[in-house]
file upload13.txt (compact mmCIF, C-alpha atoms and all ligand atoms)
# COMPACT_ATOMS: atom_id res chain seq x y z
CA MET A 1 -5.91 10.03 26.58
CA SER A 2 -7.24 6.46 26.49
CA GLU A 3 -6.64 4.21 23.50
CA LEU A 4 -10.32 4.43 22.54
CA GLU A 5 -10.32 8.23 22.71
CA ARG A 6 -7.24 8.36 20.53
CA LEU A 7 -8.77 6.03 17.99
CA LYS A 8 -11.98 8.08 17.91
CA LEU A 9 -9.98 11.22 17.23
CA LEU A 10 -7.75 9.63 14.60
CA SER A 11 -10.53 7.92 12.67
CA SER A 12 -12.92 10.86 12.89
CA GLN A 13 -11.63 12.82 9.92
CA MET A 14 -10.71 9.99 7.61
CA HIS A 15 -13.98 10.33 5.68
CA LEU A 16 -12.08 13.01 3.78
CA GLU A 17 -10.04 10.21 2.27
CA PRO A 18 -12.05 8.01 -0.09
CA SER A 19 -10.78 4.46 -0.38
CA GLU A 20 -12.37 1.10 -1.11
CA GLY A 21 -16.01 1.50 -1.83
CA ASP A 22 -18.76 2.02 -4.29
CA GLU A 23 -18.11 3.85 -7.52
CA CYS A 24 -18.67 7.22 -5.93
CA PRO A 25 -17.61 6.97 -2.29
CA GLN A 26 -19.97 8.52 0.21
CA MET A 27 -19.45 9.41 3.79
CA SER A 28 -21.15 6.77 5.91
CA ASP A 29 -23.09 7.48 9.10
CA ARG A 30 -21.06 8.36 12.10
CA GLN A 31 -22.02 8.20 15.73
CA GLU A 32 -20.30 10.76 17.88
CA ASP A 33 -19.49 8.28 20.59
CA SER A 34 -18.02 5.58 18.39
CA VAL A 35 -14.92 4.89 16.39
CA TYR A 36 -15.45 5.84 12.77
CA THR A 37 -15.74 2.84 10.47
CA SER A 38 -17.08 2.69 6.95
CA LYS A 39 -18.77 0.11 4.83
CA ALA A 40 -16.43 -0.78 2.01
CA VAL A 41 -16.61 -2.90 -1.11
CA LEU A 42 -13.35 -4.66 -1.97
CA PRO A 43 -12.24 -5.13 -5.60
CA ASN A 44 -13.50 -8.74 -5.43
CA GLY A 45 -16.97 -7.51 -4.47
CA GLN A 46 -16.73 -8.52 -0.81
CA ARG A 47 -18.40 -6.05 1.57
CA ILE A 48 -16.51 -5.34 4.76
CA SER A 49 -16.47 -2.96 7.68
CA LEU A 50 -13.28 -0.92 7.31
CA LEU A 51 -11.42 1.04 9.97
CA LYS A 52 -9.85 4.03 8.24
CA THR A 53 -7.43 5.74 10.53
CA LEU A 54 -4.15 7.55 11.03
CA LEU A 55 -1.29 6.34 13.18
CA THR A 56 -0.78 9.96 14.17
CA SER A 57 -2.56 13.22 13.38
CA VAL A 58 0.62 15.18 14.13
CA CYS A 59 2.12 16.42 10.86
CA GLU A 60 5.15 18.53 10.03
CA ARG A 61 3.87 19.34 6.52
CA ASP A 62 1.60 22.26 5.65
CA CYS A 63 -0.64 21.17 2.81
CA TYR A 64 -3.13 24.00 2.28
CA TYR A 65 -6.27 21.83 2.13
CA CYS A 66 -5.53 19.47 5.01
CA PRO A 67 -7.02 19.48 8.50
CA PHE A 68 -3.87 17.88 9.91
CA ARG A 69 -1.41 20.50 8.63
CA GLN A 70 1.17 21.71 11.08
CA GLY A 71 0.24 24.67 13.26
CA ARG A 72 -3.53 24.10 12.98
CA ASP A 73 -5.08 24.20 16.40
CA PHE A 74 -6.94 20.98 17.21
CA ARG A 75 -6.55 17.98 19.47
CA ARG A 76 -4.06 15.51 18.05
CA ALA A 77 -3.28 11.92 18.94
CA THR A 78 -0.58 9.35 18.24
CA PHE A 79 -0.25 5.58 18.49
CA LYS A 80 2.94 3.57 18.64
CA PRO A 81 2.88 0.60 16.21
CA ASP A 82 2.49 -2.10 18.90
CA GLU A 83 -0.21 -0.12 20.77
CA PHE A 84 -2.16 0.39 17.60
CA ALA A 85 -1.87 -3.21 16.43
CA LYS A 86 -3.18 -4.38 19.83
CA VAL A 87 -6.21 -2.07 19.73
CA PHE A 88 -7.04 -3.01 16.16
CA MET A 89 -6.82 -6.74 16.90
CA TYR A 90 -9.14 -6.25 19.88
CA MET A 91 -11.71 -4.62 17.57
CA HIS A 92 -11.19 -7.23 14.90
CA LYS A 93 -11.68 -10.14 17.29
CA ALA A 94 -14.83 -8.47 18.64
CA ASN A 95 -16.16 -8.41 15.03
CA MET A 96 -16.30 -4.62 15.05
CA VAL A 97 -14.11 -4.30 11.95
CA ASP A 98 -13.00 -6.63 9.17
CA GLY A 99 -10.22 -4.61 7.58
CA ILE A 100 -8.03 -1.56 7.95
CA PHE A 101 -6.81 1.39 5.91
CA LEU A 102 -3.79 2.82 7.70
CA SER A 103 -2.44 6.29 6.96
CA SER A 104 -0.48 8.84 8.97
CA GLY A 105 0.58 12.43 9.37
CA VAL A 106 4.27 12.93 8.58
CA ILE A 107 6.68 13.11 11.51
CA ASN A 108 10.48 13.12 11.24
CA GLY A 109 10.22 12.77 7.47
CA GLY A 110 8.45 10.38 5.14
CA VAL A 111 10.98 7.58 5.65
CA PHE A 112 10.59 7.51 9.44
CA THR A 113 6.80 7.74 9.20
CA GLN A 114 6.68 4.93 6.67
CA ASP A 115 8.75 2.80 9.03
CA GLN A 116 6.06 3.30 11.69
CA ILE A 117 3.33 2.22 9.27
CA LEU A 118 5.37 -0.79 8.15
CA ALA A 119 6.17 -1.78 11.73
CA THR A 120 2.44 -1.74 12.51
CA ALA A 121 1.71 -3.90 9.48
CA GLU A 122 4.50 -6.34 10.40
CA ILE A 123 3.11 -6.74 13.91
CA LEU A 124 -0.38 -7.34 12.59
CA ARG A 125 0.71 -9.90 10.03
CA ARG A 126 3.51 -11.66 11.93
CA LYS A 127 2.76 -11.35 15.64
CA TYR A 128 -1.03 -11.50 15.48
CA ASN A 129 -1.24 -13.50 12.25
CA TYR A 130 -3.83 -11.02 10.97
CA GLN A 131 -5.23 -12.42 7.71
CA GLY A 132 -7.70 -9.66 6.91
CA TYR A 133 -7.71 -6.76 4.50
CA LEU A 134 -4.87 -4.25 4.85
CA HIS A 135 -4.51 -1.04 2.87
CA LEU A 136 -1.31 0.91 3.54
CA LYS A 137 -0.63 4.50 2.65
CA VAL A 138 2.78 5.28 1.14
CA MET A 139 4.15 8.53 2.54
CA PRO A 140 5.74 11.26 0.43
CA GLY A 141 9.50 10.83 0.05
CA VAL A 142 9.84 7.14 0.96
CA GLU A 143 12.57 4.78 -0.23
CA LYS A 144 12.06 2.06 -2.84
CA ALA A 145 12.70 -0.71 -0.29
CA GLN A 146 9.84 0.66 1.82
CA VAL A 147 7.45 0.56 -1.15
CA GLU A 148 8.47 -3.05 -1.68
CA GLN A 149 7.96 -3.95 1.97
CA ALA A 150 4.51 -2.34 1.92
CA MET A 151 3.70 -4.38 -1.19
CA LEU A 152 4.75 -7.58 0.56
CA LEU A 153 2.35 -6.93 3.45
CA ALA A 154 -0.69 -5.17 2.02
CA ASP A 155 -3.71 -5.95 -0.13
CA ARG A 156 -3.61 -2.43 -1.51
CA ILE A 157 -1.24 0.53 -1.34
CA SER A 158 -1.97 4.16 -2.11
CA VAL A 159 0.26 7.03 -3.09
CA ASN A 160 -1.80 10.20 -3.19
CA LEU A 161 -0.78 12.63 -5.91
CA GLU A 162 -3.41 15.16 -4.69
CA ALA A 163 -2.96 17.26 -7.88
CA PRO A 164 -2.52 16.31 -11.56
CA ASN A 165 0.85 17.98 -12.14
CA ILE A 166 3.72 19.96 -10.62
CA ASP A 167 2.15 23.39 -11.07
CA ARG A 168 -1.19 22.43 -9.56
CA LEU A 169 0.44 20.67 -6.60
CA ARG A 170 2.37 23.86 -5.87
CA LYS A 171 -0.96 25.61 -5.29
CA LEU A 172 -2.20 22.90 -2.93
CA ALA A 173 0.87 21.70 -1.11
CA PRO A 174 3.91 23.85 -1.90
CA HIS A 175 6.27 21.70 0.14
CA LYS A 176 5.38 18.41 -1.51
CA GLU A 177 7.54 17.47 -4.46
CA PHE A 178 5.39 16.03 -7.25
CA THR A 179 7.94 14.03 -9.22
CA GLN A 180 10.45 12.89 -6.60
CA GLU A 181 8.19 12.36 -3.60
CA LEU A 182 4.93 11.19 -5.17
CA LEU A 183 5.30 10.04 -8.76
CA LYS A 184 8.46 8.07 -8.08
CA PRO A 185 6.90 5.70 -5.50
CA LEU A 186 4.06 5.02 -7.96
CA HIS A 187 6.65 4.24 -10.60
CA TRP A 188 8.57 1.98 -8.18
CA ALA A 189 5.42 0.05 -7.32
CA ASN A 190 4.88 -0.65 -11.00
CA GLN A 191 8.55 -1.58 -11.49
CA ILE A 192 8.39 -4.05 -8.61
CA ARG A 193 5.17 -5.54 -9.96
CA GLN A 194 6.70 -5.95 -13.42
CA ALA A 195 10.17 -7.17 -12.43
CA GLN A 196 9.69 -9.39 -9.41
CA SER A 197 7.77 -12.54 -8.69
CA PRO A 198 5.06 -11.97 -6.09
CA HIS A 199 5.62 -15.36 -4.44
CA LYS A 200 6.76 -13.71 -1.19
CA ALA A 201 3.90 -11.21 -1.22
CA TRP A 202 0.89 -11.51 1.00
CA LYS A 203 -1.45 -14.08 -0.61
CA GLY A 204 1.12 -14.56 -3.42
CA THR A 205 -0.10 -11.61 -5.49
CA TRP A 206 1.04 -8.02 -5.60
CA PRO A 207 -1.35 -5.49 -4.10
CA SER A 208 -3.15 -3.01 -6.32
CA THR A 209 -2.03 0.61 -6.36
CA VAL A 210 -4.40 3.56 -6.14
CA THR A 211 -4.10 7.32 -5.90
CA GLN A 212 -6.26 10.26 -4.88
CA PHE A 213 -6.80 13.77 -6.22
CA VAL A 214 -8.28 16.74 -4.38
CA VAL A 215 -10.72 18.03 -7.00
CA GLY A 216 -11.02 21.79 -7.44
CA GLY A 217 -8.50 22.83 -4.80
CA ALA A 218 -5.93 24.05 -7.34
CA ASP A 219 -8.31 25.31 -10.05
CA GLU A 220 -7.23 22.43 -12.25
CA SER A 221 -9.43 21.26 -15.12
CA ASP A 222 -11.07 17.85 -15.52
CA LEU A 223 -8.89 17.41 -18.60
CA GLU A 224 -5.74 17.74 -16.47
CA LEU A 225 -7.05 15.26 -13.88
CA LEU A 226 -8.18 12.70 -16.44
CA SER A 227 -5.08 13.06 -18.57
CA THR A 228 -2.87 12.22 -15.57
CA THR A 229 -5.22 9.42 -14.52
CA GLU A 230 -5.13 7.89 -18.00
CA LYS A 231 -1.30 7.96 -18.06
CA LEU A 232 -1.16 6.34 -14.61
CA HIS A 233 -3.48 3.54 -15.75
CA ARG A 234 -1.47 3.00 -18.92
CA GLN A 235 2.08 3.51 -17.73
CA MET A 236 2.08 2.70 -14.03
CA GLY A 237 -0.52 -0.01 -13.64
CA LEU A 238 -2.77 2.17 -11.49
CA ALA A 239 -5.89 0.25 -10.42
CA ARG A 240 -7.99 3.24 -9.61
CA ALA A 241 -7.97 7.00 -9.06
CA TYR A 242 -10.09 8.47 -6.27
CA PHE A 243 -11.52 11.93 -6.71
CA SER A 244 -12.17 13.78 -3.51
CA ARG A 245 -13.95 17.07 -3.95
CA PHE A 246 -12.31 20.05 -2.26
CA ASN A 247 -14.09 21.16 0.87
CA PRO A 248 -12.65 24.14 2.72
CA ILE A 249 -11.36 23.48 6.23
CA SER A 250 -11.33 26.29 8.78
CA ASP A 251 -7.95 27.66 9.82
CA THR A 252 -6.23 26.61 6.59
CA PRO A 253 -4.98 28.90 3.77
CA LEU A 254 -7.85 27.73 1.53
CA GLU A 255 -10.60 28.21 4.13
CA ASN A 256 -12.38 30.87 2.02
CA LYS A 257 -12.25 28.98 -1.24
CA ALA A 258 -15.62 27.70 -2.50
CA PRO A 259 -16.27 23.96 -2.13
CA THR A 260 -16.31 21.84 -5.26
CA PRO A 261 -19.80 20.54 -6.13
CA LEU A 262 -20.30 16.81 -5.52
CA ILE A 263 -21.57 16.38 -9.08
CA ARG A 264 -18.14 17.31 -10.49
CA GLN A 265 -16.53 14.56 -8.41
CA ASN A 266 -19.12 12.07 -9.70
CA ARG A 267 -18.65 13.10 -13.35
CA LEU A 268 -14.90 12.51 -12.96
CA TYR A 269 -15.55 8.99 -11.64
CA GLN A 270 -17.85 8.27 -14.58
CA ALA A 271 -15.31 9.55 -17.11
CA SER A 272 -12.40 7.70 -15.50
CA PHE A 273 -14.37 4.41 -15.61
CA LEU A 274 -15.20 5.04 -19.29
CA ILE A 275 -11.47 5.36 -19.98
CA ARG A 276 -10.42 2.46 -17.74
CA ASP A 277 -13.18 -0.08 -18.41
CA TYR A 278 -15.15 0.92 -21.50
CA GLY A 279 -12.44 1.53 -24.12
CA PHE A 280 -12.96 5.29 -24.45
CA ASN A 281 -10.02 7.60 -25.16
CA LEU A 282 -9.36 10.80 -23.33
CA GLU A 283 -9.96 12.69 -26.62
CA GLU A 284 -13.48 11.27 -26.77
CA MET A 285 -14.54 12.76 -23.46
CA PRO A 286 -17.12 15.50 -24.03
CA PHE A 287 -15.09 18.35 -22.56
CA VAL A 288 -16.68 21.76 -22.78
CA ASP A 289 -15.10 25.13 -22.13
CA GLU A 290 -11.70 25.14 -20.43
CA GLY A 291 -11.43 21.37 -20.41
CA ASN A 292 -14.23 20.51 -17.97
CA LEU A 293 -16.91 17.84 -18.26
CA PRO A 294 -20.51 19.01 -18.51
CA LEU A 295 -22.16 18.72 -15.11
CA GLU A 296 -25.76 18.31 -16.27
CA VAL A 297 -25.28 15.08 -18.23
CA ASP A 298 -23.11 12.01 -17.69
CA PRO A 299 -20.17 11.78 -20.10
CA LYS A 300 -21.32 8.55 -21.78
CA LEU A 301 -24.72 10.02 -22.59
CA ALA A 302 -23.10 13.24 -23.83
CA TRP A 303 -20.84 11.18 -26.12
CA ALA A 304 -23.81 9.15 -27.43
CA ARG A 305 -25.86 12.27 -28.18
CA THR A 306 -23.06 13.52 -30.40
CA ASN A 307 -21.98 10.25 -31.98
CA LEU A 308 -24.87 7.76 -32.00
CA VAL A 309 -27.91 9.84 -32.93
CA GLY A 310 -28.67 8.88 -36.53
CA GLN A 311 -26.23 5.96 -36.28
CA PRO A 312 -27.92 3.49 -33.92
CA ILE A 313 -26.16 0.26 -32.96
CA GLU A 314 -27.74 -3.10 -33.83
CA LEU A 315 -27.74 -5.06 -30.58
CA ASN A 316 -27.97 -8.44 -32.33
CA SER A 317 -24.67 -8.06 -34.16
CA ALA A 318 -22.57 -5.21 -32.72
CA PRO A 319 -19.13 -6.14 -31.42
CA ARG A 320 -18.40 -5.94 -27.69
CA HIS A 321 -16.54 -2.60 -27.88
CA MET A 322 -19.52 -0.91 -29.58
CA LEU A 323 -22.04 -2.37 -27.13
CA LEU A 324 -19.97 -0.82 -24.33
CA ARG A 325 -20.56 2.63 -25.82
CA ILE A 326 -24.36 2.48 -25.51
CA PRO A 327 -25.83 4.40 -22.54
CA GLY A 328 -27.52 2.11 -20.02
CA ILE A 329 -25.26 -0.85 -20.85
CA GLY A 330 -22.26 -1.66 -18.66
CA PRO A 331 -19.63 -4.42 -18.91
CA LYS A 332 -21.93 -6.97 -17.20
CA GLY A 333 -24.85 -6.02 -19.48
CA VAL A 334 -22.62 -6.48 -22.53
CA GLU A 335 -21.72 -10.01 -21.49
CA THR A 336 -25.38 -10.84 -20.83
CA ILE A 337 -26.42 -9.49 -24.22
CA ILE A 338 -23.70 -11.45 -26.03
CA ASN A 339 -24.73 -14.67 -24.27
CA ALA A 340 -28.45 -14.07 -24.83
CA ARG A 341 -28.17 -13.29 -28.55
CA ARG A 342 -26.48 -16.65 -29.13
CA GLU A 343 -29.81 -18.22 -28.18
CA LEU A 344 -32.40 -15.77 -29.50
CA LYS A 345 -33.05 -12.57 -31.42
CA LEU A 346 -33.36 -9.45 -29.29
CA ARG A 347 -36.51 -7.69 -30.44
CA SER A 348 -37.98 -5.75 -27.51
CA LEU A 349 -37.03 -3.38 -24.73
CA SER A 350 -38.68 -5.69 -22.21
CA GLN A 351 -36.19 -8.41 -23.20
CA LEU A 352 -33.37 -5.95 -22.47
CA THR A 353 -34.82 -4.99 -19.12
CA LYS A 354 -34.90 -8.68 -18.16
CA LEU A 355 -31.20 -8.85 -19.09
CA GLY A 356 -30.41 -6.05 -16.63
CA VAL A 357 -30.00 -3.27 -19.23
CA ILE A 358 -31.45 0.18 -18.50
CA ALA A 359 -33.63 -0.08 -21.60
CA ARG A 360 -35.03 3.47 -21.57
CA LYS A 361 -31.49 4.89 -21.60
CA ALA A 362 -30.31 2.60 -24.37
CA ALA A 363 -33.44 2.89 -26.57
CA PRO A 364 -32.59 6.08 -28.54
CA TYR A 365 -29.24 4.63 -29.62
CA ILE A 366 -30.05 1.05 -30.65
CA LEU A 367 -31.72 -1.09 -33.26
CA LEU A 368 -33.41 -4.38 -32.31
CA ASP A 369 -33.38 -6.71 -35.30
CA GLY A 370 -33.24 -3.71 -37.61
CA VAL A 371 -36.02 -1.77 -35.89
CA HIS A 372 -35.68 1.38 -33.80
CA PRO A 373 -37.51 0.52 -30.55
CA VAL A 374 -40.42 2.75 -29.63
CA HIS A 375 -39.51 4.78 -26.56
CA GLN A 376 -40.68 7.83 -24.77
CA LEU A 377 -38.54 10.88 -25.54
CA ALA A 378 -37.00 12.62 -22.56
CA LEU A 379 -38.69 15.93 -21.83
CA PHE A 380 -35.38 17.60 -20.98
S1 LIG B 1 1.37 15.52 4.59
FE1 LIG B 1 -0.62 14.54 4.62
S2 LIG B 1 -1.37 14.76 6.74
FE2 LIG B 1 0.36 16.17 6.49
S3 LIG B 1 -0.57 18.14 5.94
FE3 LIG B 1 -0.06 17.10 4.01
S4 LIG B 1 -1.92 15.95 3.43
FE4 LIG B 1 -2.09 16.53 5.61

call {"tool": "encode", "arguments": {"input": "upload13.txt", "output": "structure tokens", "more": "lines below"}}
Ligand code: SF4
result
Amino acid sequence: MSELERLKLLSSQMHLEPSEGDECPQMSDRQEDSVYTSKAVLPNGQRISLLKTLLTSVCERDCYYCPFRQGRDFRRATFKPDEFAKVFMYMHKANMVDGIFLSSGVINGGVFTQDQILATAEILRRKYNYQGYLHLKVMPGVEKAQVEQAMLLADRISVNLEAPNIDRLRKLAPHKEFTQELLKPLHWANQIRQAQSPHKAWKGTWPSTVTQFVVGGADESDLELLSTTEKLHRQMGLARAYFSRFNPISDTPLENKAPTPLIRQNRLYQASFLIRDYGFNLEEMPFVDEGNLPLEVDPKLAWARTNLVGQPIELNSAPRHMLLRIPGIGPKGVETIINARRELKLRSLSQLTKLGVIARKAAPYILLDGVHPVHQLALF
């Protein structure tokens, strides 16, 4: 198989793995005759074309949800580190891609596989002096020194938990070990970040750490997912959790399980951002029966309907943390409001619209100079 054919095969199913991107990652367009690349937004806001690929689609593990699981009948491909680095640099120099997210199936154990990923990264950085964006996957069961080496080379690393706890992971991937193989590398990454100076790291700063969950594959609740996510943010310095809705793959043990609706994935993103960026607690999330978020309304609006009706917030004097709780106002909007009200009194919805606030969403929950703004009530 030619190098191009291998790369087409290996990149073709990586849309299942969300990574850098907009708040709710979407699958981008794919042309059958081209290598799969996706438009990505980096944490600093830069937009790049990202090659998301595996080093090999051969895997000795048997995760129930995964298209690459061992024994599944499909065409597989493998690159050696130097071969892959050469192909990637060719694409990079031809301006086809700006950055790379490199993952792999597991062969000869997590330690050996991680060595292949690290060797590829070393060649890119040292031999080809590649300066671009590099996201490296950390394999299950790696050693601490390998996590450290990945952190010295990458802009971002990911350790995918897949499920929120031991029991749920058993239903998804019975041969992955939640604590030893997955949680420990996340813990090590945080330890390294806390204990060591990043002066030898790429660009002199430690890379961010992210994880991914398969949503709905193990019948877990949103409460379980968000509770684990919150702990990872608080205790392990996690930058971001990705929620990837379960979609059944043919010829896997879960092939007859119903897919998870996209809206559930999106509600989880909204709730996780409220906890990470807006100062909400897990206990404040509007869980309904069995610990799930309502699907028909976003969690911030659901919280406001319960807590702000009859207690509107005065925009001209409310502190930052209260402004963040108003629907239609995000962190940027809060800063704009605080700056604007130093200069003038906010008295109309049109002023708010000019400041970038979604005024119609905010209107039922605010006062403008003591007055409830007139707004059209939602029909539903
Ligand atoms: S280890 Fe990774 S690639 Fe292998 S079956 Fe599990 S999820 Fe798929």

call {"tool": "residues_around", "arguments": {"input": "upload13.txt", "residues": "Arg320 of chain A", "least_positions_apart": "3", "cutoff": "10 Å", "atoms": "all atoms listed in the file", "output": "list in words"}}
result
Tyr278, Leu315, Ser317, Leu323, Leu324, Arg325, Pro331, Val334, Glu335, Ile337 and Ile338 of chain A

call {"tool": "atom_distance", "arguments": {"input": "upload13.txt", "atom1": "atom CA of Lys332 of chain A", "atom2": "atom CA of Thr209 of chain A"}}
result
23.9 Å

call {"tool": "residues_near_ligand", "arguments": {"input": "upload13.txt", "ligand": "ligand LIG 1 (chain B)", "cutoff": "7 Å", "atoms": "all atoms listed in the file", "output": "number ranges by chain"}}
result
A: 57, 59-63, 66-70, 104-106, 173

call {"tool": "closest_residue", "arguments": {"input": "upload13.txt", "among": "A:Leu152, A:Met139, A:Ala318, A:Leu102", "to": "Ser197 of chain A", "atoms": "all atoms listed in the file"}}
result
A:Leu152

call {"tool": "atom_distance", "arguments": {"input": "upload13.txt", "atom1": "atom CA of Val159 of chain A", "atom2": "atom CA of Gly330 of chain A"}}
result
28.7 Å

call {"tool": "residues_near_point", "arguments": {"input": "upload13.txt", "point": "(-13.3, -0.8, 2.9)", "cutoff": "6 Å", "atoms": "only C-alpha atoms", "output": "number ranges by chain"}}
result
A: 20-21, 39-41, 48, 50

call {"tool": "closest_residue", "arguments": {"input": "upload13.txt", "among": "A:Lys144, A:Arg126, A:Arg156, A:Lys171", "to": "Tyr65 of chain A", "atoms": "only C-alpha atoms"}}
result
A:Lys171

call {"tool": "closest_atom_pairs", "arguments": {"input": "upload13.txt", "of": "segment 59-78 of chain A", "to": "segment 1-10 of chain A", "cutoff": "10 Å", "atoms": "all atoms listed in the file", "output": "JSON lines"}}
result
{"residue": "A:Arg75", "atom": "CA", "partner": "A:Leu9", "partner_atom": "CA", "distance": 7.9}
{"residue": "A:Arg76", "atom": "CA", "partner": "A:Leu9", "partner_atom": "CA", "distance": 7.4}
{"residue": "A:Ala77", "atom": "CA", "partner": "A:Arg6", "partner_atom": "CA", "distance": 5.6}
{"residue": "A:Thr78", "atom": "CA", "partner": "A:Arg6", "partner_atom": "CA", "distance": 7.1}

call {"tool": "residues_near_point", "arguments": {"input": "upload13.txt", "point": "(-9.6, -2.5, 8.9)", "cutoff": "8 Å", "atoms": "only C-alpha atoms", "output": "PyMOL selection string"}}
result
chain A and resi 49-52+88+92+97-102+132-134

call {"tool": "closest_residue", "arguments": {"input": "upload13.txt", "among": "A:Ala359, A:Val138, A:Val210, A:Leu254", "to": "Ala241 of chain A", "atoms": "only C-alpha atoms"}}
result
A:Val210

call {"tool": "atom_distance", "arguments": {"input": "upload13.txt", "atom1": "atom CA of Leu295 of chain A", "atom2": "atom CA of Asp222 of chain A"}}
result
11.1 Å

call {"tool": "residues_around", "arguments": {"input": "upload13.txt", "residues": "Asp115 of chain A", "least_positions_apart": "5", "cutoff": "10 Å", "atoms": "all atoms listed in the file", "output": "PDB file with C-alpha atoms, keeping the file's coordinate frame"}}
result
ATOM      1  CA  PRO A  81       2.880   0.600  16.210  1.00  0.00           C
ATOM      2  CA  GLY A 110       8.450  10.380   5.140  1.00  0.00           C
ATOM      3  CA  THR A 120       2.440  -1.740  12.510  1.00  0.00           C
ATOM      4  CA  ALA A 121       1.710  -3.900   9.480  1.00  0.00           C
ATOM      5  CA  MET A 139       4.150   8.530   2.540  1.00  0.00           C
ATOM      6  CA  VAL A 142       9.840   7.140   0.960  1.00  0.00           C
ATOM      7  CA  GLN A 146       9.840   0.660   1.820  1.00  0.00           C
ATOM      8  CA  GLN A 149       7.960  -3.950   1.970  1.00  0.00           C
ATOM      9  CA  ALA A 150       4.510  -2.340   1.920  1.00  0.00           C
TER      10      ALA A 150
END

call {"tool": "residues_around", "arguments": {"input": "upload13.txt", "residues": "Ser11 of chain A", "least_positions_apart": "5", "cutoff": "8 Å", "atoms": "only C-alpha atoms", "output": "number ranges by chain"}}
result
A: 35-37, 51-54
